[in-house]
Number of protein chains: 2
Amino acid sequence: MATRRAPPPRPGPCRLCPVRPLALFRPVSEAELDAIATTRATVRLLRAGEAVLRRGEGADIVLTLFAGWAFAYRVLPDGRRQIGEIFLPGDLIGTRGAASDPVEAVTDASVCVLSRARLRAMLDDHPALAVSFAQLVARANALLSERLASLGRRDAVQRLGALMLELAARQNAGVPPKDEDVAMPLRQTQLGDALGLSAEHVNRALAALRRDRLLTLRSRTLRLHDPERLARLCGWDPTYLAEPPAL
Amino acid sequence: MATRRAPPPRPGPCRLCPVRPLALFRPVSEAELDAIATTRATVRLLRAGEAVLRRGEGADIVLTLFAGWAFAYRVLPDGRRQIGEIFLPGDLIGTRGAASDPVEAVTDASVCVLSRARLRAMLDDHPALAVSFAQLVARANALLSERLASLGRRDAVQRLGALMLELAARQNAGVPPKDEDVAMPLRQTQLGDALGLSAEHVNRALAALRRDRLLTLRSRTLRLHDPERLARLCGWDPTYLAEPPAL
DNA sequence: CGTCTTTTTGACTACTGTCAAGCGCTGTGG
DNA sequence: CCACAGCGCTTGACAGTAGTCAAAAAGACG
């Protein structure tokens, strides 16, 4: 996804933004486009591992992930970490304001920075965008609910399989591709923090999935050999990934 | 909260709605009030255990919980159940459209039913309401993230304690009250489904909390004897409960 | 007062975590 | 082009938390 050398991809003009369709799930009018272009304040380029959003920073800004992966996390007093939302290009970061969890870049990444005040003005002027905004938040909600079900009621192998299916699907228009490479830059430690497992146990679960010839995962690349069977094994149903409705 | 005999409380006119402040976290203008009053279509009264929202029904309607408690849940193919959002009066139900999880009433309950089409029209006409709507969804998001952290990184006692703190706080303007009774209508089976534990293990965790004189829970009533100590024990930080920001 | 649900308790099993070590790929520097 | 350093991945042994199964006690309801 990104070497040490090359800088992260820099977003171009909003008008031509290639990730907007991913973000809004619908065509955007000229007037809306102008509003969006005016609202974007700056761009940030980040290295893998760097902080994308610090604690409290969400009070002032909202971000759109343009390229790369990132995740929100929470650290408990005893030091254990839980990864919440996993962000892919097009996702909104910091929608919860000051209460937003800190966000870290998985890979080199770039984000568009929107000031909260301007975003607010934009949404007030364009109600349809406000509704789209709400839909995006609702979709994030759906992803969280699914993961909650994973942590609550699936065993380690199923959790891992379900997450692989989800992340593959989100990179492939909602459908996990069969026998095609997709990016999978999360390390096993991070997978553990996302799934509520120890890194060692993630490794064992991964070994089980490999042994059953359900997937291949090497050098940050994932390939699902039999998504249907994997989905059955994990009790995974892609419905929750569906695009938000017209409201 | 409700006996077999008495019917659930029936909502009165929107104009006088006592739960609106809980729901929107802000004053509402006259024009907005009119829009809200026009948008509400019908009211539903429900008995404990009944379905509040069935699978797919969210495509057509959105609900506001007026009285009683409810929860969204998901059933895995093997029959295990995971409870997601727990709804208290003022909360929105069905914001994810057709992808919304089914919702069941914990106690007798009443809900205001909004048709999705009318809601859409209302939000288009009143951008500030659209923004408020997004904030409500974002808040639901915050609650889910917190529970995700619980299921991922807290043990049984901490999970249960954190949930008790949250539900007590949500009934008390965001602060868990000390030595005061609050409603706690969830059965141990339901607590287990919410926390990713077996009902038996919930019981054991509850016994531990009682033994340490941290809380009392009898006949659907909870009393926290030392919220601070409990919060420390559970690594619980109420920040995530904060009202949504002005965006 | 009898029935059904919910809560408790106990014994045993199983999944996952922890600790420890060894392996291997990647990138660095000679 | 090769040796070295580091981080990440694997594997094994053992401990601990939580699940399952079974059954009794305690409430709730009619």
# chains A, B, ... in the order shown; residues from 1 in each chain; ligands from 1
$ residues_around --residues "D:DC2" --least-positions-apart "4" --cutoff "12 Å" --atoms "only C-alpha atoms (C1' of nucleotides)" --output "PyMOL selection string"
chain C and resi 28-30
$ write_last_selection --atoms "N, CA, C and O atoms (P, O5', C5', C4', C3', O3' and C1' of nucleotides)" --output "PDB file, in the first residue's frame"
ATOM      1  P    DT C  28      15.606   0.461   4.680  1.00  0.00           P
ATOM      2  O5'  DT C  28      16.936   0.079   5.445  1.00  0.00           O
ATOM      3  C5'  DT C  28      16.892  -0.133   6.862  1.00  0.00           C
ATOM      4  C4'  DT C  28      18.298  -0.262   7.401  1.00  0.00           C
ATOM      5  C3'  DT C  28      19.298   0.675   6.712  1.00  0.00           C
ATOM      6  O3'  DT C  28      20.159   1.257   7.694  1.00  0.00           O
ATOM      7  C1'  DT C  28      19.995  -1.585   6.433  1.00  0.00           C
ATOM      8  P    DG C  29      21.210   2.309   7.276  1.00  0.00           P
ATOM      9  O5'  DG C  29      22.529   1.407   7.224  1.00  0.00           O
ATOM     10  C5'  DG C  29      22.882   0.630   8.369  1.00  0.00           C
ATOM     11  C4'  DG C  29      24.168  -0.105   8.093  1.00  0.00           C
ATOM     12  C3'  DG C  29      25.222   0.760   7.377  1.00  0.00           C
ATOM     13  O3'  DG C  29      26.503   0.433   7.903  1.00  0.00           O
ATOM     14  C1'  DG C  29      24.714  -1.116   6.029  1.00  0.00           C
ATOM     15  P    DG C  30      27.782   1.064   7.293  1.00  0.00           P
ATOM     16  O5'  DG C  30      28.572  -0.219   6.852  1.00  0.00           O
ATOM     17  C5'  DG C  30      28.697  -1.323   7.760  1.00  0.00           C
ATOM     18  C4'  DG C  30      29.333  -2.494   7.049  1.00  0.00           C
ATOM     19  C3'  DG C  30      30.647  -2.145   6.328  1.00  0.00           C
ATOM     20  O3'  DG C  30      31.557  -3.223   6.468  1.00  0.00           O
ATOM     21  C1'  DG C  30      29.091  -2.966   4.754  1.00  0.00           C
TER      22       DG C  30
END
$ interface_residues --of "chain B" --to "chain C" --cutoff "10 Å" --atoms "only C-alpha atoms (C1' of nucleotides)" --output "PDB file with N, CA, C and O atoms, in the first residue's frame"
ATOM      1  N   ARG B 187     -33.486  -8.957  32.124  1.00  0.00           N
ATOM      2  CA  ARG B 187     -33.251 -10.218  32.810  1.00  0.00           C
ATOM      3  C   ARG B 187     -31.807 -10.660  32.616  1.00  0.00           C
ATOM      4  O   ARG B 187     -31.123 -10.174  31.714  1.00  0.00           O
ATOM      5  N   GLN B 188     -31.392 -11.612  33.403  1.00  0.00           N
ATOM      6  CA  GLN B 188     -29.996 -12.043  33.315  1.00  0.00           C
ATOM      7  C   GLN B 188     -29.695 -12.679  31.966  1.00  0.00           C
ATOM      8  O   GLN B 188     -28.585 -12.573  31.455  1.00  0.00           O
ATOM      9  N   THR B 189     -30.682 -13.346  31.396  1.00  0.00           N
ATOM     10  CA  THR B 189     -30.483 -13.896  30.056  1.00  0.00           C
ATOM     11  C   THR B 189     -30.219 -12.779  29.054  1.00  0.00           C
ATOM     12  O   THR B 189     -29.336 -12.878  28.201  1.00  0.00           O
ATOM     13  N   ALA B 199     -25.982 -16.719  30.632  1.00  0.00           N
ATOM     14  CA  ALA B 199     -26.798 -16.202  31.733  1.00  0.00           C
ATOM     15  C   ALA B 199     -26.206 -16.644  33.073  1.00  0.00           C
ATOM     16  O   ALA B 199     -26.183 -15.870  34.033  1.00  0.00           O
ATOM     17  N   GLU B 200     -25.701 -17.864  33.131  1.00  0.00           N
ATOM     18  CA  GLU B 200     -25.121 -18.337  34.384  1.00  0.00           C
ATOM     19  C   GLU B 200     -23.919 -17.506  34.804  1.00  0.00           C
ATOM     20  O   GLU B 200     -23.739 -17.192  35.975  1.00  0.00           O
ATOM     21  N   ASN B 203     -24.854 -14.269  36.217  1.00  0.00           N
ATOM     22  CA  ASN B 203     -25.249 -14.438  37.605  1.00  0.00           C
ATOM     23  C   ASN B 203     -24.033 -14.467  38.539  1.00  0.00           C
ATOM     24  O   ASN B 203     -24.028 -13.829  39.591  1.00  0.00           O
ATOM     25  N   ARG B 204     -23.011 -15.170  38.129  1.00  0.00           N
ATOM     26  CA  ARG B 204     -21.812 -15.228  38.967  1.00  0.00           C
ATOM     27  C   ARG B 204     -21.152 -13.856  39.087  1.00  0.00           C
ATOM     28  O   ARG B 204     -20.703 -13.455  40.165  1.00  0.00           O
ATOM     29  N   ALA B 207     -23.077 -11.813  41.423  1.00  0.00           N
ATOM     30  CA  ALA B 207     -22.807 -12.223  42.807  1.00  0.00           C
ATOM     31  C   ALA B 207     -21.522 -11.571  43.308  1.00  0.00           C
ATOM     32  O   ALA B 207     -21.447 -11.103  44.446  1.00  0.00           O
TER      33      ALA B 207
END
$ closest_residue --among "A:Thr38, A:Ser219, A:Asn172, A:Ser110" --to "chain D" --atoms "only C-alpha atoms (C1' of nucleotides)"
A:Ser219
$ interface_residues --of "chain D" --to "chain A" --cutoff "8 Å" --atoms "only C-alpha atoms (C1' of nucleotides)" --output "list of chain:residue names"
D:DG8, D:DC9, D:DT10
$ select_by_dssp --residues "stretch 101-237 of chain A" --states "strand (DSSP E or B)" --output "list in words"
Val103, Glu104, Ala105, Ala109, Ser110, Val111, Cys112, Val113, Leu114, Ser115, Asp181, Val182, Ala183, Leu215, Thr216, Leu217, Arg218, Thr221, Leu222, Arg223 and Leu224 of chain A
$ write_last_selection --atoms "C-alpha atoms" --output "PDB file, in the first residue's frame"
ATOM      1  CA  VAL A 103      -7.522   7.326  15.207  1.00  0.00           C
ATOM      2  CA  GLU A 104      -4.270   5.851  13.948  1.00  0.00           C
ATOM      3  CA  ALA A 105      -3.091   5.207  10.400  1.00  0.00           C
ATOM      4  CA  ALA A 109      -2.602   7.616   4.342  1.00  0.00           C
ATOM      5  CA  SER A 110      -4.040  10.956   3.342  1.00  0.00           C
ATOM      6  CA  VAL A 111      -7.104  12.718   4.672  1.00  0.00           C
ATOM      7  CA  CYS A 112      -9.163  15.760   3.746  1.00  0.00           C
ATOM      8  CA  VAL A 113      -9.711  17.989   6.745  1.00  0.00           C
ATOM      9  CA  LEU A 114     -13.042  19.762   7.203  1.00  0.00           C
ATOM     10  CA  SER A 115     -13.526  22.297   9.933  1.00  0.00           C
ATOM     11  CA  ASP A 181      -6.128 -10.441  -4.076  1.00  0.00           C
ATOM     12  CA  VAL A 182      -7.368  -7.714  -1.795  1.00  0.00           C
ATOM     13  CA  ALA A 183      -5.368  -5.504   0.542  1.00  0.00           C
ATOM     14  CA  LEU A 215      -7.948 -18.220   2.588  1.00  0.00           C
ATOM     15  CA  THR A 216      -4.385 -17.141   1.969  1.00  0.00           C
ATOM     16  CA  LEU A 217      -2.851 -14.193   3.775  1.00  0.00           C
ATOM     17  CA  ARG A 218       0.729 -13.163   3.043  1.00  0.00           C
ATOM     18  CA  THR A 221      -2.463  -9.477   0.863  1.00  0.00           C
ATOM     19  CA  LEU A 222      -5.576 -11.536   1.393  1.00  0.00           C
ATOM     20  CA  ARG A 223      -7.174 -14.024  -0.937  1.00  0.00           C
ATOM     21  CA  LEU A 224     -10.419 -15.785  -0.157  1.00  0.00           C
TER      22      LEU A 224
END
$ interface_residues --of "chain A" --to "chain B" --cutoff "8 Å" --atoms "only C-alpha atoms" --output "number ranges by chain"
A: 59, 74, 76-78, 80-84, 95-100, 116-117, 120, 123-128, 130-131, 133-135, 137-142, 144-145, 147-149, 151-153, 193-197, 235, 239-240, 242, 244-245, 247
$ select_by_dssp --residues "stretch 3-163 of chain B" --states "alpha helix (DSSP H)" --output "NGL selection string"
:B and (20-24 or 30-39 or 116-125 or 127-153 or 156-163)
$ atom_distance --atom1 "atom C1' of D:DT11" --atom2 "atom CA of A:Met164"
23.2 Å
